[in-house]
Amino acid sequence: MAEHTPRREQPRLRPAPLLFEPAEAASDPEHFFDLESIEDPRALLERATELTLAFRAAADRATEFQAVAAAQLSDPRRFDRLTPADIAERAEWTEDYAKKMVEFGRDLMRGGEGGNGGSGYADPV
């Protein structure tokens, strides 16, 4: 089951640019966005923080898309609609979490941003 930590209400952050990882670098387990080559701890902290925020923003956005997809897939107007159990199985969630994600997705589709006034990410749980 995917677990998400609550986020404080804040405007959606723009992620730092994620530099392209060449295939050779990506295959090296010690290589991660060239962080291992930064020797100055201040610069390392700055770039690592940028990446952390970028990945968080990407994960939050992906979660919103998951929720919208779950809501669309469970729409009773669809002839091929899925049950929360079916959605849970496909997304590797619990059924209870799938139900929450469906509701979160419906809120997003209505423009409610999960009840947080449109100010950013809202955790469905």
# chains A, B, ... in the order shown; residues from 1 in each chain; ligands from 1
call {"tool": "residues_around", "arguments": {"residues": "A:Val68", "least_positions_apart": "6", "cutoff": "7 Å", "atoms": "only C-alpha atoms", "output": "list in words"}}
result
Gly105, Arg106, Leu108 and Met109 of chain A
call {"tool": "write_last_selection", "arguments": {"atoms": "N, CA, C and O atoms", "output": "PDB file, in the first residue's frame"}}
result
ATOM      1  N   GLY A 105      -9.832  11.816  -5.923  1.00  0.00           N
ATOM      2  CA  GLY A 105      -9.868  12.096  -7.355  1.00  0.00           C
ATOM      3  C   GLY A 105     -11.135  12.830  -7.761  1.00  0.00           C
ATOM      4  O   GLY A 105     -11.100  13.750  -8.578  1.00  0.00           O
ATOM      5  N   ARG A 106     -12.252  12.452  -7.177  1.00  0.00           N
ATOM      6  CA  ARG A 106     -13.518  13.152  -7.471  1.00  0.00           C
ATOM      7  C   ARG A 106     -13.446  14.596  -7.017  1.00  0.00           C
ATOM      8  O   ARG A 106     -13.908  15.498  -7.711  1.00  0.00           O
ATOM      9  N   LEU A 108     -10.723  16.383  -6.781  1.00  0.00           N
ATOM     10  CA  LEU A 108      -9.837  17.076  -7.723  1.00  0.00           C
ATOM     11  C   LEU A 108     -10.559  17.395  -9.022  1.00  0.00           C
ATOM     12  O   LEU A 108     -10.408  18.486  -9.575  1.00  0.00           O
ATOM     13  N   MET A 109     -11.358  16.454  -9.505  1.00  0.00           N
ATOM     14  CA  MET A 109     -12.071  16.666 -10.768  1.00  0.00           C
ATOM     15  C   MET A 109     -13.132  17.758 -10.628  1.00  0.00           C
ATOM     16  O   MET A 109     -13.433  18.449 -11.597  1.00  0.00           O
TER      17      MET A 109
END
call {"tool": "residues_around", "arguments": {"residues": "A:Phe65", "least_positions_apart": "2", "cutoff": "12 Å", "atoms": "only C-alpha atoms", "output": "PyMOL selection string"}}
result
chain A and resi 58-63+67-72+101-102+104-106+108-109+113+121
call {"tool": "write_last_selection", "arguments": {"atoms": "N, CA, C and O atoms", "output": "compact mmCIF listing (two decimals), in the first residue's frame"}}
result
# COMPACT_ATOMS: atom_id res chain seq x y z
N ALA A 58 7.07 15.88 -7.67
CA ALA A 58 6.70 14.90 -8.70
C ALA A 58 5.83 13.80 -8.11
O ALA A 58 4.84 13.37 -8.71
N ALA A 59 6.17 13.34 -6.91
CA ALA A 59 5.37 12.29 -6.27
C ALA A 59 3.97 12.80 -5.93
O ALA A 59 2.97 12.09 -6.13
N ASP A 60 3.89 14.03 -5.43
CA ASP A 60 2.58 14.61 -5.12
C ASP A 60 1.72 14.72 -6.38
O ASP A 60 0.54 14.38 -6.38
N ARG A 61 2.33 15.18 -7.45
CA ARG A 61 1.59 15.35 -8.71
C ARG A 61 1.16 13.99 -9.26
O ARG A 61 0.04 13.83 -9.74
N ALA A 62 2.04 13.01 -9.20
CA ALA A 62 1.69 11.67 -9.67
C ALA A 62 0.55 11.09 -8.85
O ALA A 62 -0.35 10.43 -9.39
N THR A 63 0.54 11.35 -7.54
CA THR A 63 -0.54 10.88 -6.68
C THR A 63 -1.87 11.50 -7.09
O THR A 63 -2.90 10.83 -7.11
N ALA A 67 -5.19 9.50 -8.35
CA ALA A 67 -6.51 9.71 -7.78
C ALA A 67 -7.55 10.02 -8.85
O ALA A 67 -8.66 9.47 -8.84
N VAL A 68 -7.18 10.87 -9.80
CA VAL A 68 -8.11 11.19 -10.89
C VAL A 68 -8.40 9.94 -11.72
O VAL A 68 -9.55 9.66 -12.06
N ALA A 69 -7.37 9.17 -12.01
CA ALA A 69 -7.58 7.93 -12.78
C ALA A 69 -8.47 6.97 -12.01
O ALA A 69 -9.37 6.34 -12.59
N ALA A 70 -8.25 6.83 -10.70
CA ALA A 70 -9.08 5.94 -9.89
C ALA A 70 -10.54 6.41 -9.92
O ALA A 70 -11.46 5.59 -10.05
N ALA A 71 -10.74 7.71 -9.81
CA ALA A 71 -12.11 8.25 -9.85
C ALA A 71 -12.75 7.98 -11.21
O ALA A 71 -13.93 7.60 -11.29
N GLN A 72 -12.01 8.18 -12.27
CA GLN A 72 -12.54 7.94 -13.61
C GLN A 72 -12.87 6.46 -13.81
O GLN A 72 -13.91 6.12 -14.37
N MET A 101 -8.77 7.21 -2.38
CA MET A 101 -8.20 7.81 -3.59
C MET A 101 -9.29 8.15 -4.60
O MET A 101 -9.21 9.18 -5.29
N VAL A 102 -10.32 7.31 -4.72
CA VAL A 102 -11.44 7.61 -5.61
C VAL A 102 -12.10 8.92 -5.18
O VAL A 102 -12.36 9.80 -6.00
N PHE A 104 -10.78 11.32 -3.34
CA PHE A 104 -9.81 12.39 -3.57
C PHE A 104 -9.81 12.79 -5.05
O PHE A 104 -9.82 13.98 -5.38
N GLY A 105 -9.83 11.82 -5.92
CA GLY A 105 -9.87 12.10 -7.36
C GLY A 105 -11.14 12.83 -7.76
O GLY A 105 -11.10 13.75 -8.58
N ARG A 106 -12.25 12.45 -7.18
CA ARG A 106 -13.52 13.15 -7.47
C ARG A 106 -13.45 14.60 -7.02
O ARG A 106 -13.91 15.50 -7.71
N LEU A 108 -10.72 16.38 -6.78
CA LEU A 108 -9.84 17.08 -7.72
C LEU A 108 -10.56 17.39 -9.02
O LEU A 108 -10.41 18.49 -9.58
N MET A 109 -11.36 16.45 -9.50
CA MET A 109 -12.07 16.67 -10.77
C MET A 109 -13.13 17.76 -10.63
O MET A 109 -13.43 18.45 -11.60
N GLU A 113 -9.53 20.40 -5.10
CA GLU A 113 -8.17 20.16 -4.63
C GLU A 113 -8.17 19.45 -3.29
O GLU A 113 -7.41 19.78 -2.39
N TYR A 121 -1.00 20.35 -2.61
CA TYR A 121 -1.24 18.93 -2.43
C TYR A 121 -2.10 18.68 -1.19
O TYR A 121 -1.92 19.30 -0.16
call {"tool": "atom_distance", "arguments": {"atom1": "atom CA of A:Thr49", "atom2": "atom CA of A:Phe33"}}
result
12.3 Å
call {"tool": "residues_around", "arguments": {"residues": "stretch 81-92 of chain A", "least_positions_apart": "6", "cutoff": "9 Å", "atoms": "only C-alpha atoms", "output": "PDB file with C-alpha atoms, in the first residue's frame"}}
result
ATOM      1  CA  MET A   1       0.000   0.000   0.000  1.00  0.00           C
ATOM      2  CA  ALA A   2       1.276   3.440  -0.807  1.00  0.00           C
ATOM      3  CA  GLN A  66      -3.518   8.367  -9.683  1.00  0.00           C
ATOM      4  CA  ALA A  70      -9.085   5.944  -9.892  1.00  0.00           C
ATOM      5  CA  GLN A  72     -12.544   7.935 -13.609  1.00  0.00           C
ATOM      6  CA  LEU A  73     -12.202   4.157 -13.523  1.00  0.00           C
ATOM      7  CA  SER A  74     -14.833   3.864 -10.790  1.00  0.00           C
ATOM      8  CA  ASP A  75     -17.351   6.181 -12.478  1.00  0.00           C
ATOM      9  CA  ALA A  98      -8.504   2.860  -3.105  1.00  0.00           C
ATOM     10  CA  LYS A  99     -11.852   4.186  -1.854  1.00  0.00           C
ATOM     11  CA  VAL A 102     -11.443   7.605  -5.613  1.00  0.00           C
TER      12      VAL A 102
END
call {"tool": "atom_distance", "arguments": {"atom1": "atom CA of A:Lys100", "atom2": "atom CA of A:Thr52"}}
result
26.2 Å
call {"tool": "atom_distance", "arguments": {"atom1": "atom CA of A:Thr94", "atom2": "atom CA of A:Arg56"}}
result
22.3 Å
